[in-house]
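**Q** My structure is stored as protein12.cif, with mmCIF, C-alpha atoms.
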```
data_model
loop_
_atom_site.group_PDB
_atom_site.id
_atom_site.type_symbol
_atom_site.label_atom_id
_atom_site.label_comp_id
_atom_site.auth_asym_id
_atom_site.auth_seq_id
_atom_site.Cartn_x
_atom_site.Cartn_y
_atom_site.Cartn_z
ATOM 1 C CA MET A 208 34.076 53.849 6.630
ATOM 2 C CA SER A 209 30.882 55.425 5.399
ATOM 3 C CA GLU A 210 27.493 54.884 6.926
ATOM 4 C CA ASP A 211 26.261 52.727 3.976
ATOM 5 C CA GLU A 212 29.218 50.378 4.225
ATOM 6 C CA GLU A 213 28.694 49.834 7.920
ATOM 7 C CA ARG A 214 25.021 48.896 7.702
ATOM 8 C CA TRP A 215 25.071 47.043 4.374
ATOM 9 C CA PRO A 216 25.575 43.456 5.598
ATOM 10 C CA ALA A 217 23.140 43.823 8.492
ATOM 11 C CA GLU A 218 20.393 45.838 6.795
ATOM 12 C CA PRO A 219 17.093 43.963 7.384
ATOM 13 C CA ASP A 220 15.179 45.321 4.383
ATOM 14 C CA ASP A 221 17.804 44.154 1.883
ATOM 15 C CA PRO A 222 16.005 41.952 -0.701
ATOM 16 C CA GLY A 223 19.022 39.686 -1.068
ATOM 17 C CA SER A 224 19.534 38.954 2.580
ATOM 18 C CA PRO A 225 18.787 35.441 3.835
ATOM 19 C CA GLY A 226 16.061 36.763 6.117
ATOM 20 C CA ASN A 227 13.997 38.130 3.200
ATOM 21 C CA LEU A 228 14.069 35.119 0.917
ATOM 22 C CA GLU A 229 10.614 33.685 0.261
ATOM 23 C CA PRO A 230 10.135 29.922 0.080
ATOM 24 C CA ASP A 231 9.437 28.451 -3.342
ATOM 25 C CA PRO A 232 5.640 27.888 -3.496
ATOM 26 C CA GLU A 233 5.913 25.283 -6.274
ATOM 27 C CA SER A 234 8.224 23.030 -4.286
ATOM 28 C CA ASP A 235 5.322 21.888 -2.076
ATOM 29 C CA LEU A 236 2.971 21.284 -5.040
ATOM 30 C CA ALA A 237 5.067 18.856 -7.051
ATOM 31 C CA PRO A 238 4.244 15.164 -6.554
ATOM 32 C CA GLU A 239 6.973 12.726 -5.732
ATOM 33 C CA ALA A 240 8.396 10.821 -8.656
ATOM 34 C CA PRO A 241 7.013 7.270 -8.850
ATOM 35 C CA SER A 242 9.418 4.387 -8.862
ATOM 36 C CA VAL A 243 9.422 2.340 -12.057
ATOM 37 C CA ASP A 244 10.560 -1.246 -12.377
ATOM 38 C CA ILE A 245 12.439 -1.687 -15.644
ATOM 39 C CA PRO A 246 12.224 -5.237 -17.005
ATOM 40 C CA GLU A 247 15.372 -7.019 -18.071
ATOM 41 C CA PRO A 248 15.896 -7.202 -21.856
ATOM 42 C CA PRO A 249 15.883 -10.656 -23.441
ATOM 43 C CA ASP A 250 19.165 -12.462 -23.935
ATOM 44 C CA PRO A 251 20.420 -11.765 -27.495
ATOM 45 C CA SER A 252 22.227 -15.099 -27.614
ATOM 46 C CA GLU A 253 18.888 -16.891 -27.823
ATOM 47 C CA ASN A 254 18.190 -16.855 -31.548
ATOM 48 C CA ASP A 255 14.532 -17.515 -32.298
ATOM 49 C CA ALA A 256 14.869 -17.251 -36.086
ATOM 50 C CA PRO A 257 15.919 -20.230 -38.200
ATOM 51 C CA GLU A 258 19.420 -20.050 -39.650
ATOM 52 C CA GLY A 259 18.137 -20.098 -43.244
ATOM 53 C CA LEU A 260 15.828 -17.172 -42.572
ATOM 54 C CA VAL A 261 18.638 -15.088 -41.115
ATOM 55 C CA ARG A 262 20.864 -15.854 -44.116
ATOM 56 C CA SER A 263 18.068 -14.992 -46.573
ATOM 57 C CA PHE A 264 17.365 -11.752 -44.720
ATOM 58 C CA TRP A 265 20.941 -10.516 -44.973
ATOM 59 C CA LYS A 266 21.178 -11.499 -48.645
ATOM 60 C CA LEU A 267 18.017 -9.500 -49.332
ATOM 61 C CA VAL A 268 19.421 -6.534 -47.410
ATOM 62 C CA ALA A 269 22.529 -6.572 -49.612
ATOM 63 C CA ILE A 270 20.504 -6.946 -52.833
ATOM 64 C CA PHE A 271 18.167 -4.070 -51.998
ATOM 65 C CA ASN A 272 21.096 -1.866 -50.912
ATOM 66 C CA VAL A 273 22.778 -2.406 -54.294
ATOM 67 C CA ALA A 274 19.457 -1.760 -56.060
ATOM 68 C CA LEU A 275 18.850 1.476 -54.182
ATOM 69 C CA PHE A 276 22.401 2.680 -54.774
ATOM 70 C CA ALA A 277 22.220 1.991 -58.518
ATOM 71 C CA ILE A 278 18.756 3.540 -58.884
ATOM 72 C CA ALA A 279 20.051 6.709 -57.209
ATOM 73 C CA LEU A 280 23.437 6.795 -58.978
ATOM 74 C CA GLY A 281 22.132 6.308 -62.535
ATOM 75 C CA PRO A 282 20.183 9.579 -62.807
ATOM 76 C CA MET A 283 23.027 11.459 -61.108
ATOM 77 C CA LEU A 284 25.431 10.257 -63.790
ATOM 78 C CA VAL A 285 23.022 11.495 -66.459
ATOM 79 C CA VAL A 286 22.330 14.883 -64.864
ATOM 80 C CA PHE A 287 25.754 15.827 -63.514
ATOM 81 C CA ARG A 288 28.058 14.218 -66.076
ATOM 82 C CA GLY A 289 25.765 14.074 -69.072
ATOM 83 C CA ASP A 290 26.620 10.390 -69.522
ATOM 84 C CA LEU A 291 23.308 9.012 -70.773
ATOM 85 C CA VAL A 292 24.570 5.532 -71.710
ATOM 86 C CA ASP A 293 26.373 4.689 -68.470
ATOM 87 C CA GLY A 294 23.803 6.440 -66.282
ATOM 88 C CA GLY A 295 20.932 4.631 -67.986
ATOM 89 C CA ALA A 296 22.730 1.292 -67.704
ATOM 90 C CA VAL A 297 23.375 1.780 -63.983
ATOM 91 C CA PHE A 298 19.760 2.841 -63.425
ATOM 92 C CA PHE A 299 18.316 -0.173 -65.238
ATOM 93 C CA LEU A 300 20.782 -2.452 -63.452
ATOM 94 C CA GLY A 301 19.364 -1.098 -60.183
ATOM 95 C CA VAL A 302 15.803 -1.744 -61.389
ATOM 96 C CA ALA A 303 16.819 -5.303 -62.329
ATOM 97 C CA PHE A 304 18.355 -5.847 -58.867
ATOM 98 C CA PHE A 305 15.184 -4.507 -57.283
ATOM 99 C CA PHE A 306 12.975 -6.991 -59.139
ATOM 100 C CA TYR A 307 15.453 -9.821 -58.469
ATOM 101 C CA GLY A 308 15.321 -8.957 -54.763
ATOM 102 C CA TYR A 309 11.525 -8.848 -54.852
ATOM 103 C CA VAL A 310 11.377 -12.332 -56.416
ATOM 104 C CA ARG A 311 13.818 -13.662 -53.802
ATOM 105 C CA TYR A 312 11.734 -12.036 -51.074
ATOM 106 C CA GLN A 313 8.563 -13.744 -52.326
ATOM 107 C CA ARG A 314 10.338 -17.117 -52.422
ATOM 108 C CA ALA A 315 11.750 -16.661 -48.910
ATOM 109 C CA ARG A 316 8.366 -15.557 -47.574
ATOM 110 C CA ASP A 317 6.644 -18.597 -49.071
ATOM 111 C CA ARG A 318 9.383 -20.943 -47.851
ATOM 112 C CA PHE A 319 9.565 -19.676 -44.274
ATOM 113 C CA ALA A 320 5.867 -18.916 -43.799
ATOM 114 C CA ASP A 321 5.138 -22.645 -43.664
ATOM 115 C CA ASP A 322 7.728 -23.174 -40.899
ATOM 116 C CA GLU A 323 5.797 -21.112 -38.340
#
```
If you took the structure in this file and wrote it as structure tokens, what would it be?
**A**
Amino acid sequence: MSEDEERWPAEPDDPGSPGNLEPDPESDLAPEAPSVDIPEPPDPSENDAPEGLVRSFWKLVAIFNVALFAIALGPMLVVFRGDLVDGGAVFFLGVAFFFYGYVRYQRARDRFADDE
């Protein structure tokens, strides 16, 4: 065995030896994490909205989804397929659905605003 191999594990000036490790100075500076009380979420089975309002909401969601889809699809049919008649019809159908949904929204807002 060579001289380096014999003294390697016991060499005191070795930077990796457990005797030469410095303590982490930032470990003493960090504050302790505060405990936080998380409130319980409300029970979803308790429905605060009237049944008619919920039904009107989901009908409006469907109407506006169809309107948005048609308004987006119409110009794509014109640009990518060159089909001006069908693309224009789909686009204007989407615009009509949008205005129909807006009218239904106004009616639902007026009807359910008095209930509060």
**Q** On this file, the PyMOL selection byres ((chain A and resi 308) around 10) gives some set of residues; write that set as a list in words.
**A**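 So the PyMOL selection byres ((chain A and resi 308) around 10) ends up selecting Lys266, Leu267, Val268, Ala269, Ile270, Phe271, Asn272, Val273, Ala274, Val302, Ala303, Phe304, Phe305, Phe306, Tyr307, Tyr309, Val310, Arg311, Tyr312, Gln313 and Arg314 of chain A.
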**Q** Can you write just those residues out, C-alpha atoms, as a PDB file, in the coordinates of the input?
**A**
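Contents of the output file selection-v2.pdb:
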```pdb
ATOM      1  CA  LYS A 266      21.178 -11.499 -48.645  1.00  0.00           C
ATOM      2  CA  LEU A 267      18.017  -9.500 -49.332  1.00  0.00           C
ATOM      3  CA  VAL A 268      19.421  -6.534 -47.410  1.00  0.00           C
ATOM      4  CA  ALA A 269      22.529  -6.572 -49.612  1.00  0.00           C
ATOM      5  CA  ILE A 270      20.504  -6.946 -52.833  1.00  0.00           C
ATOM      6  CA  PHE A 271      18.167  -4.070 -51.998  1.00  0.00           C
ATOM      7  CA  ASN A 272      21.096  -1.866 -50.912  1.00  0.00           C
ATOM      8  CA  VAL A 273      22.778  -2.406 -54.294  1.00  0.00           C
ATOM      9  CA  ALA A 274      19.457  -1.760 -56.060  1.00  0.00           C
ATOM     10  CA  VAL A 302      15.803  -1.744 -61.389  1.00  0.00           C
ATOM     11  CA  ALA A 303      16.819  -5.303 -62.329  1.00  0.00           C
ATOM     12  CA  PHE A 304      18.355  -5.847 -58.867  1.00  0.00           C
ATOM     13  CA  PHE A 305      15.184  -4.507 -57.283  1.00  0.00           C
ATOM     14  CA  PHE A 306      12.975  -6.991 -59.139  1.00  0.00           C
ATOM     15  CA  TYR A 307      15.453  -9.821 -58.469  1.00  0.00           C
ATOM     16  CA  TYR A 309      11.525  -8.848 -54.852  1.00  0.00           C
ATOM     17  CA  VAL A 310      11.377 -12.332 -56.416  1.00  0.00           C
ATOM     18  CA  ARG A 311      13.818 -13.662 -53.802  1.00  0.00           C
ATOM     19  CA  TYR A 312      11.734 -12.036 -51.074  1.00  0.00           C
ATOM     20  CA  GLN A 313       8.563 -13.744 -52.326  1.00  0.00           C
ATOM     21  CA  ARG A 314      10.338 -17.117 -52.422  1.00  0.00           C
TER      22      ARG A 314
END
```
**Q** Work out how far atom CA of A:Gly259 is from atom CA of A:Ala277, in Å to one decimal.
**A**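 The value is 27.2 Å.
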**Q** Could you jot down the atom CA of A:Arg318 to atom CA of A:Leu300 separation for me, Å, one decimal place?
**A**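 Computing the Euclidean distance for atom CA of A:Arg318 and atom CA of A:Leu300 yields 26.7 Å.
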**Q** What is the atom CA of A:Val261 to atom CA of A:Ala320 distance in Å?
**A** 13.6 Å
**Q** May I ask which of the residues A:Ala296, A:Ser242, A:Leu291, A:Gly301 is the closest one to A:Phe276, counting only C-alpha atoms?
**A** A:Gly301
**Q** For A:Phe298, which of A:Asp250, A:Gly281, A:Ser263, A:Ile245 is the closest residue, counting all atoms listed in the file?
**A**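 Using all atoms listed in the file, A:Phe298 sits closest to A:Gly281.
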**Q** For stretch 269-281 of chain A, take all atoms listed in the file, fit an axis-aligned box around them, add 8 Å to each of the six sides, then output centre and edge lengths in Å rounded to one decimal, as lines of an AutoDock Vina configuration file.
**A**
```
center_x = 20.8
center_y = -0.1
center_z = -56.1
size_x = 21.3
size_y = 29.7
size_z = 28.9
```
**Q** Restore N, CA and C atoms in stretch 278-305 of chain A and list the result as a PDB file, in the coordinates of the input.
**A**
```
ATOM      1  N   ILE A 278      19.893   2.720 -58.452  1.00  0.00           N
ATOM      2  CA  ILE A 278      18.756   3.540 -58.884  1.00  0.00           C
ATOM      3  C   ILE A 278      19.014   5.019 -58.592  1.00  0.00           C
ATOM      4  N   ALA A 279      19.726   5.317 -57.537  1.00  0.00           N
ATOM      5  CA  ALA A 279      20.051   6.709 -57.209  1.00  0.00           C
ATOM      6  C   ALA A 279      21.243   7.215 -58.020  1.00  0.00           C
ATOM      7  N   LEU A 280      22.228   6.369 -58.280  1.00  0.00           N
ATOM      8  CA  LEU A 280      23.437   6.795 -58.978  1.00  0.00           C
ATOM      9  C   LEU A 280      23.199   7.014 -60.474  1.00  0.00           C
ATOM     10  N   GLY A 281      22.371   6.198 -61.095  1.00  0.00           N
ATOM     11  CA  GLY A 281      22.132   6.308 -62.535  1.00  0.00           C
ATOM     12  C   GLY A 281      21.674   7.688 -62.971  1.00  0.00           C
ATOM     13  N   PRO A 282      20.598   8.229 -62.407  1.00  0.00           N
ATOM     14  CA  PRO A 282      20.183   9.579 -62.807  1.00  0.00           C
ATOM     15  C   PRO A 282      21.213  10.659 -62.477  1.00  0.00           C
ATOM     16  N   MET A 283      21.990  10.470 -61.416  1.00  0.00           N
ATOM     17  CA  MET A 283      23.027  11.459 -61.108  1.00  0.00           C
ATOM     18  C   MET A 283      24.104  11.468 -62.178  1.00  0.00           C
ATOM     19  N   LEU A 284      24.455  10.299 -62.699  1.00  0.00           N
ATOM     20  CA  LEU A 284      25.431  10.257 -63.790  1.00  0.00           C
ATOM     21  C   LEU A 284      24.895  10.977 -65.027  1.00  0.00           C
ATOM     22  N   VAL A 285      23.617  10.829 -65.300  1.00  0.00           N
ATOM     23  CA  VAL A 285      23.022  11.495 -66.459  1.00  0.00           C
ATOM     24  C   VAL A 285      22.971  12.997 -66.246  1.00  0.00           C
ATOM     25  N   VAL A 286      22.520  13.450 -65.089  1.00  0.00           N
ATOM     26  CA  VAL A 286      22.330  14.883 -64.864  1.00  0.00           C
ATOM     27  C   VAL A 286      23.653  15.614 -64.685  1.00  0.00           C
ATOM     28  N   PHE A 287      24.543  15.089 -63.855  1.00  0.00           N
ATOM     29  CA  PHE A 287      25.754  15.827 -63.514  1.00  0.00           C
ATOM     30  C   PHE A 287      26.892  15.627 -64.500  1.00  0.00           C
ATOM     31  N   ARG A 288      26.972  14.476 -65.125  1.00  0.00           N
ATOM     32  CA  ARG A 288      28.058  14.218 -66.076  1.00  0.00           C
ATOM     33  C   ARG A 288      27.578  14.211 -67.518  1.00  0.00           C
ATOM     34  N   GLY A 289      26.291  14.122 -67.718  1.00  0.00           N
ATOM     35  CA  GLY A 289      25.765  14.074 -69.072  1.00  0.00           C
ATOM     36  C   GLY A 289      26.023  12.740 -69.751  1.00  0.00           C
ATOM     37  N   ASP A 290      26.290  11.711 -68.988  1.00  0.00           N
ATOM     38  CA  ASP A 290      26.620  10.390 -69.522  1.00  0.00           C
ATOM     39  C   ASP A 290      25.351   9.548 -69.554  1.00  0.00           C
ATOM     40  N   LEU A 291      24.608   9.660 -70.660  1.00  0.00           N
ATOM     41  CA  LEU A 291      23.308   9.012 -70.773  1.00  0.00           C
ATOM     42  C   LEU A 291      23.424   7.496 -70.847  1.00  0.00           C
ATOM     43  N   VAL A 292      24.441   6.982 -71.528  1.00  0.00           N
ATOM     44  CA  VAL A 292      24.570   5.532 -71.710  1.00  0.00           C
ATOM     45  C   VAL A 292      24.922   4.847 -70.384  1.00  0.00           C
ATOM     46  N   ASP A 293      25.972   5.314 -69.732  1.00  0.00           N
ATOM     47  CA  ASP A 293      26.373   4.689 -68.470  1.00  0.00           C
ATOM     48  C   ASP A 293      25.342   4.928 -67.367  1.00  0.00           C
ATOM     49  N   GLY A 294      24.803   6.134 -67.301  1.00  0.00           N
ATOM     50  CA  GLY A 294      23.803   6.440 -66.282  1.00  0.00           C
ATOM     51  C   GLY A 294      22.535   5.608 -66.468  1.00  0.00           C
ATOM     52  N   GLY A 295      22.107   5.457 -67.716  1.00  0.00           N
ATOM     53  CA  GLY A 295      20.932   4.631 -67.986  1.00  0.00           C
ATOM     54  C   GLY A 295      21.191   3.173 -67.673  1.00  0.00           C
ATOM     55  N   ALA A 296      22.393   2.687 -67.985  1.00  0.00           N
ATOM     56  CA  ALA A 296      22.730   1.292 -67.704  1.00  0.00           C
ATOM     57  C   ALA A 296      22.750   1.034 -66.197  1.00  0.00           C
ATOM     58  N   VAL A 297      23.320   1.944 -65.436  1.00  0.00           N
ATOM     59  CA  VAL A 297      23.375   1.780 -63.983  1.00  0.00           C
ATOM     60  C   VAL A 297      21.962   1.825 -63.408  1.00  0.00           C
ATOM     61  N   PHE A 298      21.135   2.738 -63.915  1.00  0.00           N
ATOM     62  CA  PHE A 298      19.760   2.841 -63.425  1.00  0.00           C
ATOM     63  C   PHE A 298      18.985   1.553 -63.696  1.00  0.00           C
ATOM     64  N   PHE A 299      19.066   1.046 -64.916  1.00  0.00           N
ATOM     65  CA  PHE A 299      18.316  -0.173 -65.238  1.00  0.00           C
ATOM     66  C   PHE A 299      18.904  -1.404 -64.547  1.00  0.00           C
ATOM     67  N   LEU A 300      20.198  -1.387 -64.262  1.00  0.00           N
ATOM     68  CA  LEU A 300      20.782  -2.452 -63.452  1.00  0.00           C
ATOM     69  C   LEU A 300      20.177  -2.423 -62.036  1.00  0.00           C
ATOM     70  N   GLY A 301      19.994  -1.231 -61.490  1.00  0.00           N
ATOM     71  CA  GLY A 301      19.364  -1.098 -60.183  1.00  0.00           C
ATOM     72  C   GLY A 301      17.926  -1.577 -60.193  1.00  0.00           C
ATOM     73  N   VAL A 302      17.183  -1.266 -61.271  1.00  0.00           N
ATOM     74  CA  VAL A 302      15.803  -1.744 -61.389  1.00  0.00           C
ATOM     75  C   VAL A 302      15.789  -3.270 -61.463  1.00  0.00           C
ATOM     76  N   ALA A 303      16.745  -3.840 -62.214  1.00  0.00           N
ATOM     77  CA  ALA A 303      16.819  -5.303 -62.329  1.00  0.00           C
ATOM     78  C   ALA A 303      17.137  -5.933 -60.962  1.00  0.00           C
ATOM     79  N   PHE A 304      18.045  -5.337 -60.212  1.00  0.00           N
ATOM     80  CA  PHE A 304      18.355  -5.847 -58.867  1.00  0.00           C
ATOM     81  C   PHE A 304      17.135  -5.734 -57.952  1.00  0.00           C
ATOM     82  N   PHE A 305      16.373  -4.660 -58.107  1.00  0.00           N
ATOM     83  CA  PHE A 305      15.184  -4.507 -57.283  1.00  0.00           C
ATOM     84  C   PHE A 305      14.183  -5.627 -57.555  1.00  0.00           C
TER      85      PHE A 305
END
```
